[in-house]
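Novice: Structure file coords.cif, mmCIF, C-alpha atoms, is pasted below:
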```
data_entry
loop_
_atom_site.label_atom_id
_atom_site.label_comp_id
_atom_site.auth_asym_id
_atom_site.auth_seq_id
_atom_site.Cartn_x
_atom_site.Cartn_y
_atom_site.Cartn_z
CA MET A 1 -24.32 64.04 33.16
CA ASN A 2 -22.54 64.38 36.48
CA THR A 3 -22.06 61.29 38.61
CA PRO A 4 -23.73 61.75 42.00
CA ASP A 5 -21.29 61.95 44.88
CA PRO A 6 -21.77 58.87 47.11
CA ALA A 7 -20.67 60.87 50.14
CA LEU A 8 -23.59 63.29 49.64
CA ASN A 9 -26.13 60.67 48.65
CA PRO A 10 -25.91 57.52 50.76
CA GLU A 11 -28.33 55.68 48.46
CA VAL A 12 -25.77 55.72 45.66
CA VAL A 13 -23.82 52.47 45.93
CA GLU A 14 -20.21 52.52 44.82
CA PRO A 15 -19.52 49.97 42.06
CA SER A 16 -17.71 46.85 43.19
CA ASP A 17 -14.16 46.10 42.06
CA ARG A 18 -15.56 43.27 39.95
CA ASP A 19 -17.87 45.65 38.07
CA LEU A 20 -15.04 48.09 37.57
CA VAL A 21 -12.78 45.35 36.24
CA VAL A 22 -15.45 44.26 33.74
CA ARG A 23 -15.85 47.85 32.56
CA ALA A 24 -12.09 48.45 32.45
CA ARG A 25 -11.69 45.37 30.26
CA ALA A 26 -14.06 47.00 27.81
CA ARG A 27 -11.64 49.97 27.71
CA ASP A 28 -13.67 52.15 30.08
CA MET A 29 -10.88 54.37 31.40
CA ALA A 30 -13.12 55.99 34.02
CA ALA A 31 -13.59 52.57 35.61
CA TYR A 32 -9.85 51.93 35.65
CA ASP A 33 -9.28 55.40 37.09
CA GLU A 34 -11.55 54.45 39.95
CA LEU A 35 -9.51 51.28 40.60
CA ILE A 36 -6.35 53.38 40.57
CA ARG A 37 -7.90 55.83 43.00
CA ARG A 38 -8.85 52.97 45.36
CA TYR A 39 -5.52 51.16 45.47
CA GLN A 40 -2.67 53.40 44.36
CA ARG A 41 -1.85 54.60 47.87
CA LYS A 42 -1.78 51.07 49.31
CA ILE A 43 0.39 49.84 46.46
CA TYR A 44 2.65 52.87 46.84
CA GLN A 45 3.08 52.17 50.55
CA LEU A 46 3.86 48.53 49.93
CA VAL A 47 6.53 49.40 47.35
CA TYR A 48 7.85 52.32 49.40
CA ASN A 49 8.30 50.16 52.50
CA MET A 50 9.99 47.49 50.41
CA THR A 51 12.42 49.90 48.72
CA SER A 52 12.70 52.75 51.28
CA ASN A 53 12.92 55.05 48.29
CA ARG A 54 10.02 57.30 47.35
CA GLU A 55 11.10 57.95 43.73
CA ASP A 56 11.43 54.22 43.06
CA ALA A 57 8.14 53.61 44.81
CA GLU A 58 6.29 56.14 42.69
CA ASP A 59 7.77 54.79 39.48
CA LEU A 60 7.06 51.18 40.39
CA THR A 61 3.48 52.00 41.46
CA GLN A 62 2.83 53.47 38.02
CA ASP A 63 4.46 50.46 36.46
CA VAL A 64 2.21 48.10 38.44
CA PHE A 65 -1.00 49.82 37.26
CA VAL A 66 0.18 49.92 33.65
CA LYS A 67 1.09 46.23 33.82
CA ALA A 68 -2.22 45.38 35.51
CA TYR A 69 -4.15 47.20 32.76
CA SER A 70 -2.29 45.32 30.04
CA ALA A 71 -2.90 42.02 31.81
CA LEU A 72 -6.53 42.71 32.70
CA GLU A 73 -7.83 40.27 30.10
CA HIS A 74 -5.86 37.49 31.81
CA PHE A 75 -7.36 38.31 35.23
CA LYS A 76 -9.61 35.30 35.82
CA GLY A 77 -11.36 36.65 38.89
CA ASP A 78 -10.28 33.69 41.09
CA SER A 79 -9.05 36.22 43.62
CA SER A 80 -10.07 39.82 44.21
CA PHE A 81 -8.60 42.58 42.08
CA TYR A 82 -6.91 43.86 45.22
CA THR A 83 -5.09 40.54 45.83
CA TRP A 84 -4.18 40.27 42.15
CA VAL A 85 -2.75 43.77 41.87
CA TYR A 86 -0.83 43.29 45.13
CA ARG A 87 0.69 40.13 43.68
CA ILE A 88 1.83 42.06 40.62
CA ALA A 89 3.28 44.76 42.88
CA VAL A 90 5.18 42.28 45.05
CA ASN A 91 6.62 40.44 42.05
CA ARG A 92 7.69 43.61 40.25
CA THR A 93 9.21 45.09 43.38
CA ILE A 94 11.17 41.94 44.18
CA ASN A 95 12.44 41.80 40.58
CA TYR A 96 13.44 45.44 40.82
CA LEU A 97 15.23 44.94 44.15
CA LYS A 98 17.21 42.01 42.74
CA LYS A 99 18.53 44.27 40.00
CA ARG A 100 19.11 47.28 42.23
CA ARG A 101 22.53 47.64 43.74
CA ARG A 102 22.87 46.83 47.41
CA ASN A 103 22.88 49.70 49.91
CA ALA A 104 20.96 52.02 47.62
CA ALA A 105 20.38 55.43 49.16
CA LEU A 106 17.31 55.92 51.31
CA SER A 107 14.83 58.53 50.15
CA LEU A 108 12.14 58.74 52.77
CA ASP A 109 8.70 60.27 52.92
CA ASP A 110 7.98 62.70 55.71
CA MET A 111 6.39 61.31 58.82
CA ASP A 112 2.92 62.56 59.55
CA GLN A 113 3.01 64.68 62.71
CA ALA A 114 0.11 62.61 64.05
CA VAL A 115 2.77 60.06 65.07
CA GLU A 116 3.47 62.26 68.09
CA ARG A 117 0.04 61.29 69.42
CA ASP A 118 0.33 57.58 68.63
CA PRO A 119 -0.04 55.57 71.90
CA ASP A 120 2.88 53.27 71.01
CA TYR A 121 5.16 56.19 70.23
CA VAL A 122 4.11 58.05 73.37
CA GLU A 123 4.80 54.98 75.48
CA LEU A 124 8.16 54.26 73.85
CA ARG A 125 9.25 57.83 74.43
CA SER A 126 8.14 57.79 78.04
CA ARG A 127 10.50 54.90 78.82
CA GLU A 128 14.17 55.03 79.65
CA SER A 129 15.12 54.00 76.13
CA PRO A 130 17.05 55.45 73.19
CA VAL A 131 13.69 56.20 71.56
CA ARG A 132 13.32 58.90 74.15
CA ASP A 133 16.44 60.69 72.98
CA ALA A 134 16.23 59.89 69.28
CA THR A 135 14.59 62.37 67.00
CA LEU A 136 11.74 61.17 64.85
CA SER A 137 13.87 61.28 61.70
CA GLU A 138 16.64 59.26 63.39
CA LEU A 139 14.14 56.63 64.43
CA GLN A 140 12.66 56.58 60.92
CA LYS A 141 16.11 56.14 59.39
CA LYS A 142 16.98 53.28 61.77
CA LEU A 143 13.71 51.49 61.02
CA ASN A 144 14.23 51.75 57.27
CA GLU A 145 17.84 50.64 57.46
CA ALA A 146 16.86 47.66 59.57
CA LEU A 147 14.17 46.67 57.07
CA GLN A 148 16.63 46.87 54.21
CA THR A 149 18.87 44.28 55.88
CA LEU A 150 16.16 41.62 55.49
CA SER A 151 15.90 39.40 52.43
CA GLU A 152 13.15 40.38 49.98
CA LYS A 153 10.81 37.58 50.97
CA HIS A 154 11.16 38.29 54.69
CA ARG A 155 10.78 42.02 54.14
CA THR A 156 7.64 41.39 52.08
CA VAL A 157 5.81 39.58 54.88
CA VAL A 158 6.86 42.14 57.51
CA VAL A 159 5.66 45.00 55.32
CA LEU A 160 2.40 43.30 54.43
CA HIS A 161 1.58 42.11 57.94
CA ASP A 162 3.19 44.40 60.49
CA ILE A 163 3.05 47.65 58.53
CA GLN A 164 0.06 47.22 56.24
CA GLY A 165 -1.95 45.04 58.62
CA ILE A 166 -2.91 42.33 56.11
CA GLN A 167 -3.92 38.93 57.53
CA HIS A 168 -1.69 35.86 57.17
CA ASP A 169 -4.09 33.94 54.91
CA GLU A 170 -4.49 36.91 52.56
CA ILE A 171 -0.69 37.30 52.40
CA GLY A 172 -0.44 33.59 51.58
CA ARG A 173 -2.82 34.09 48.65
CA MET A 174 -0.86 37.13 47.47
CA LEU A 175 2.50 35.38 47.61
CA GLY A 176 1.25 31.98 46.52
CA CYS A 177 2.48 30.22 49.65
CA SER A 178 0.88 28.64 52.72
CA GLU A 179 -0.19 30.50 55.83
CA GLY A 180 2.41 28.49 57.77
CA THR A 181 5.16 29.74 55.48
CA VAL A 182 3.99 33.31 56.01
CA ARG A 183 4.03 32.83 59.79
CA SER A 184 7.48 31.28 59.83
CA ARG A 185 8.92 34.02 57.59
CA LEU A 186 7.35 36.62 59.84
CA PHE A 187 8.82 34.99 62.94
CA TYR A 188 12.30 34.89 61.44
CA ALA A 189 12.06 38.44 60.10
CA ARG A 190 10.99 39.82 63.47
CA GLN A 191 13.90 38.06 65.14
CA GLU A 192 16.29 39.64 62.67
CA LEU A 193 14.75 43.07 63.15
CA GLN A 194 14.95 42.66 66.91
CA LYS A 195 18.73 42.18 66.50
CA GLN A 196 18.98 45.21 64.24
CA LEU A 197 16.93 47.44 66.51
CA THR A 198 18.31 46.17 69.77
CA GLU A 199 19.04 49.68 71.01
CA PHE A 200 15.36 50.61 70.66
CA VAL A 201 13.79 47.35 71.77
CA SER A 202 14.05 46.25 75.37
CA MET B 203 -6.90 48.19 75.19
CA LYS B 204 -3.55 48.89 76.80
CA ASN B 205 -3.04 45.18 77.61
CA GLU B 206 -3.89 44.28 74.05
CA ARG B 207 -1.26 46.71 72.83
CA GLU B 208 1.33 45.43 75.29
CA SER B 209 0.85 41.87 74.04
CA ILE B 210 2.17 42.97 70.64
CA PRO B 211 5.96 42.56 70.36
CA GLU B 212 7.83 45.81 70.79
CA VAL B 213 9.55 45.47 67.44
CA VAL B 214 6.14 45.27 65.75
CA ARG B 215 4.99 48.38 67.60
CA LEU B 216 8.08 50.19 66.33
CA LEU B 217 7.44 48.99 62.78
CA ARG B 218 3.85 50.20 62.93
CA LEU B 219 5.18 53.75 63.26
CA LYS B 220 6.17 53.46 59.63
CA ARG B 221 2.47 53.79 58.79
CA TYR B 222 2.91 57.49 59.47
CA GLU B 223 5.35 57.82 56.59
CA GLN B 224 3.07 59.28 53.94
CA PRO B 225 3.64 60.66 50.45
CA ASP B 226 3.01 64.36 49.89
CA ALA B 227 -0.50 65.75 49.47
CA ASP B 228 -0.27 65.93 45.65
CA PHE B 229 0.64 62.27 45.34
CA ASP B 230 -2.80 60.90 44.39
CA ALA B 231 -3.47 63.35 41.57
CA ARG B 232 0.11 63.33 40.28
CA ASN B 233 0.46 59.56 40.28
CA ALA B 234 -2.95 58.92 38.68
CA ALA B 235 -2.13 61.44 35.94
CA ALA B 236 1.25 59.77 35.33
CA ILE B 237 -0.43 56.36 35.04
CA ARG B 238 -2.98 57.75 32.56
CA THR B 239 -0.15 59.23 30.46
CA ARG B 240 1.69 55.92 30.43
CA LEU B 241 -1.49 54.04 29.52
CA ALA B 242 -2.18 56.43 26.65
CA ALA B 243 1.33 55.76 25.32
CA LEU B 244 0.73 52.00 25.21
CA PRO B 245 0.57 50.57 21.68
CA GLU B 246 -2.93 49.61 20.62
CA ARG B 247 -3.60 45.92 21.00
CA LYS B 248 -4.25 44.11 17.70
CA GLY B 249 -5.55 40.71 16.70
CA TRP B 250 -3.23 38.19 15.01
CA GLY B 251 -4.58 39.08 11.55
CA GLN B 252 -3.81 42.76 12.03
CA ARG B 253 -0.37 41.94 13.41
CA LEU B 254 0.39 39.70 10.43
CA TRP B 255 -0.74 42.43 8.05
CA GLY B 256 1.38 44.95 9.97
CA LEU B 257 4.39 42.69 9.62
CA PHE B 258 3.72 42.44 5.88
CA GLU B 259 3.44 46.21 5.60
CA GLN B 260 6.65 46.75 7.53
CA THR B 261 8.65 44.47 5.22
CA PRO B 262 10.94 46.95 3.47
CA SER B 263 11.52 45.29 0.10
CA PRO B 264 8.60 44.65 -2.36
CA ALA B 265 10.44 41.54 -3.61
CA LEU B 266 10.41 40.10 -0.07
CA ARG B 267 6.68 40.84 0.22
CA TYR B 268 5.91 39.01 -3.00
CA ALA B 269 8.17 36.12 -1.96
CA ALA B 270 6.31 35.85 1.38
CA VAL B 271 2.89 35.88 -0.34
CA THR B 272 4.03 33.30 -2.91
CA ALA B 273 5.35 31.03 -0.14
CA LEU B 274 2.07 31.36 1.76
CA VAL B 275 -0.05 30.60 -1.31
CA ALA B 276 2.18 27.62 -2.18
CA LEU B 277 1.88 26.26 1.37
CA VAL B 278 -1.91 26.53 1.36
CA GLY B 279 -2.05 24.99 -2.15
CA VAL B 280 0.08 21.99 -1.20
CA ASN B 281 -2.08 21.42 1.88
CA VAL B 282 -5.31 21.51 -0.12
CA LEU B 283 -3.85 19.15 -2.73
CA THR B 284 -2.62 16.69 -0.09
CA LEU B 285 -6.02 16.66 1.60
CA SER B 286 -7.89 16.08 -1.66
CA LEU B 287 -5.63 13.10 -2.55
CA THR B 288 -5.92 11.40 0.86
CA PRO B 289 -8.91 8.97 1.15
CA PRO B 290 -11.40 9.90 3.88
CA ARG B 291 -11.07 8.20 7.27
CA GLU B 292 -14.35 6.24 6.96
CA ALA B 293 -13.10 4.62 3.79
CA MET B 294 -9.88 3.54 5.51
CA ILE B 295 -11.81 2.00 8.41
CA SER B 296 -14.18 0.09 6.10
CA MET B 297 -11.13 -1.27 4.23
CA THR B 298 -9.72 -2.73 7.43
CA ASN B 299 -13.15 -4.12 8.50
CA GLU B 300 -13.34 -6.19 5.34
CA THR B 301 -11.01 -8.74 6.97
CA PRO B 302 -13.47 -11.48 8.21
CA ALA B 303 -11.19 -12.77 10.97
CA LEU B 304 -10.92 -9.33 12.46
CA ALA B 305 -14.71 -8.79 12.29
CA GLN B 306 -15.23 -12.09 14.14
CA GLN B 307 -12.62 -11.17 16.74
CA GLN B 308 -14.40 -7.88 17.28
CA ALA B 309 -17.77 -9.55 17.71
CA GLU B 310 -16.42 -12.05 20.24
CA ALA B 311 -14.29 -9.57 22.10
CA PRO B 312 -14.87 -9.94 25.86
CA SER B 313 -15.51 -6.74 27.77
CA LEU B 314 -12.34 -6.94 29.83
CA ALA B 315 -9.60 -4.47 30.47
CA PRO B 316 -7.10 -4.60 27.60
CA THR B 317 -3.98 -6.71 28.09
CA ASN B 318 -1.16 -7.78 25.82
CA ASP B 319 -2.72 -11.26 25.37
CA MET B 320 -6.13 -10.04 24.22
CA PRO B 321 -7.31 -10.29 20.63
CA GLU B 322 -7.20 -7.00 18.79
CA THR B 323 -10.65 -5.44 19.12
CA TYR B 324 -9.90 -2.09 17.57
CA ALA B 325 -10.00 -1.01 13.99
CA LYS B 326 -6.53 -1.75 12.78
CA PRO B 327 -4.78 1.16 11.11
CA VAL B 328 -3.43 0.73 7.60
CA PHE B 329 0.21 1.01 8.62
CA VAL B 330 1.26 -0.37 11.98
CA PHE B 331 4.79 -0.39 13.23
CA GLU B 332 5.11 -3.24 15.70
CA TYR B 333 8.14 -3.12 17.89
CA PRO B 334 10.07 -6.44 17.60
CA ALA B 335 10.71 -6.72 21.34
CA ILE B 336 6.98 -6.83 22.07
CA ARG B 337 6.36 -9.52 19.49
CA SER B 338 9.08 -11.76 20.91
CA ALA B 339 7.81 -11.60 24.50
CA PRO B 340 7.65 -15.10 26.06
CA GLN B 341 4.28 -16.84 26.11
CA GLY B 342 2.57 -16.98 29.51
CA GLY B 343 4.15 -13.80 30.75
CA THR B 344 7.44 -13.12 32.48
CA GLN B 345 8.45 -14.96 35.63
CA TYR B 346 9.84 -12.59 38.24
CA GLY B 347 11.86 -14.05 41.14
CA THR B 348 12.45 -17.73 41.96
CA GLY B 349 9.46 -18.53 44.24
CA PRO B 350 6.25 -20.32 43.27
CA VAL B 351 3.70 -18.54 41.10
CA VAL B 352 0.80 -17.30 43.25
CA PRO B 353 -2.35 -16.35 41.36
CA VAL B 354 -3.71 -12.97 42.32
CA ARG B 355 -7.44 -12.30 42.40
CA PHE B 356 -8.43 -8.75 41.67
CA GLU B 357 -12.15 -9.22 42.28
CA PRO B 358 -13.36 -8.21 45.77
#
```
What does this structure look like when you write it as structure tokens?
Specialist:
Amino acid sequence: MNTPDPALNPEVVEPSDRDLVVRARARDMAAYDELIRRYQRKIYQLVYNMTSNREDAEDLTQDVFVKAYSALEHFKGDSSFYTWVYRIAVNRTINYLKKRRRNAALSLDDMDQAVERDPDYVELRSRESPVRDATLSELQKKLNEALQTLSEKHRTVVVLHDIQGIQHDEIGRMLGCSEGTVRSRLFYARQELQKQLTEFVS
Amino acid sequence: MKNERESIPEVVRLLRLKRYEQPDADFDARNAAAIRTRLAALPERKGWGQRLWGLFEQTPSPALRYAAVTALVALVGVNVLTLSLTPPREAMISMTNETPALAQQQAEAPSLAPTNDMPETYAKPVFVFEYPAIRSAPQGGTQYGTGPVVPVRFEP
């Protein structure tokens, strides 16, 4: 029997993450596939922005979902699946970065051309600033290099908050630290990035 | 809207441009398929009984297998024998309760918090190792400091 497409039939309610987790625990692979479909891109982007390497990011994303599946029976449901899987991703990425040699080569994803219409980008380019003269790929490279100069814990909060748009309290739950710690790490990380990107930031 | 954007630090606005870095169009299908392949390759999870049996099956030498089974049977046998020779707990307690002085002490035991000076109100075990230092503690407690002894009332 075919599953009705929720997009075509608004009365069909998508199963919650909790339901999917319960089914996945009972070895329902279709349920786990749905969880993968929901979160793989977000996890990929987290890992990608932490490593600035798309091959590593893809490999680690797969690793995270395999690990999460193996550990599903230990998932108590105190937090959402989303928070839990993010926590696994952060921990695995930080462990990986500790082992990886410093100054590993960047391997960047292409920038979506929609960036040309982004109000921030348009405004930055309109100013008398190096952004105006820099090509998009140069700017992208500078941003990634600057991020890689941060320590793992500072980079994590910048990626989660400034790039992925996750709230401070949620980040605190993911990292197992207080909201105040998240804010102070973010403050310090931004200061460091400001120094790194001084030519682009007025 | 513009003011709201301008209130955001410039470095954050630059970082937000990284949201436009996106994996290629095939990413979702390719990555999900790779995860499925890796999940299929995972070893099947077994209970402890199955794992123990697996360990037994993997043991290369038949002599080692028989030695392991013999050791296991001997261990279980010794345990059963030890348990059957040990008197049950109720019997041990009734043996200790036969002491009349102890029974009287138990009956008269005040319902106070236990201290070192209190009579023993519990069922005494058969073998008790009493540390000599505790037995030789001075009567009336230990005097700390040189000042006068001030009684302390704990009741409100």
Novice: Convert the output of the PyMOL selection byres ((chain A and resi 165-182) around 8) on the shown file into explicit residues, formatted as a list in words.
Specialist: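 Against this file, the PyMOL selection byres ((chain A and resi 165-182) around 8) returns the residues Thr83, Trp84, Tyr86, Arg87, Val90, Val157, Leu160, His161, Asp162, Ile163, Gln164, Arg183, Ser184, Arg185 and Leu186 of chain A.
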Novice: Taking a cut-off of 7 Å and counting all atoms listed in the file, can you build a table that, for each residue of chain A near chain B, reports the nearest atom pair and how far apart they are in Å (one decimal), sorted by chain then residue number, as JSON lines?
Specialist:
```
{"residue": "A:Ile36", "atom": "CA", "partner": "B:Ala234", "partner_atom": "CA", "distance": 6.8}
{"residue": "A:Gln62", "atom": "CA", "partner": "B:Ile237", "partner_atom": "CA", "distance": 5.3}
{"residue": "A:Phe65", "atom": "CA", "partner": "B:Ile237", "partner_atom": "CA", "distance": 6.9}
{"residue": "A:Val66", "atom": "CA", "partner": "B:Leu241", "partner_atom": "CA", "distance": 6.1}
{"residue": "A:Asp109", "atom": "CA", "partner": "B:Glu223", "partner_atom": "CA", "distance": 5.5}
{"residue": "A:Asp110", "atom": "CA", "partner": "B:Glu223", "partner_atom": "CA", "distance": 5.6}
{"residue": "A:Met111", "atom": "CA", "partner": "B:Glu223", "partner_atom": "CA", "distance": 4.3}
{"residue": "A:Asp112", "atom": "CA", "partner": "B:Tyr222", "partner_atom": "CA", "distance": 5.1}
{"residue": "A:Val115", "atom": "CA", "partner": "B:Tyr222", "partner_atom": "CA", "distance": 6.2}
{"residue": "A:Asp120", "atom": "CA", "partner": "B:Arg215", "partner_atom": "CA", "distance": 6.3}
{"residue": "A:Leu143", "atom": "CA", "partner": "B:Leu217", "partner_atom": "CA", "distance": 7.0}
{"residue": "A:Asp162", "atom": "CA", "partner": "B:Val214", "partner_atom": "CA", "distance": 6.1}
{"residue": "A:Ile163", "atom": "CA", "partner": "B:Arg218", "partner_atom": "CA", "distance": 5.1}
{"residue": "A:Gln194", "atom": "CA", "partner": "B:Val213", "partner_atom": "CA", "distance": 6.1}
{"residue": "A:Val201", "atom": "CA", "partner": "B:Glu212", "partner_atom": "CA", "distance": 6.2}
```
Novice: What does the structure give for the distance between CA of Thr156 (chain A) and CA of Gln191 (chain A), in Å to one decimal?
Specialist: 14.9 Å
Novice: Expanded to explicit residues, what is the PyMOL selection byres ((chain A and resi 34) around 10) for this file, as a list of chain:residue names?
Specialist: A:Pro15, A:Asp17, A:Leu20, A:Val21, A:Ala24, A:Met29, A:Ala30, A:Ala31, A:Tyr32, A:Asp33, A:Leu35, A:Ile36, A:Arg37, A:Arg38, A:Tyr39, A:Gln40, B:Ala234
Novice: CA of Leu287 (chain B) to CA of Ala273 (chain B): how many Å, to one decimal?
Specialist: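 Computing the Euclidean distance for CA of Leu287 (chain B) and CA of Ala273 (chain B) yields 21.2 Å.
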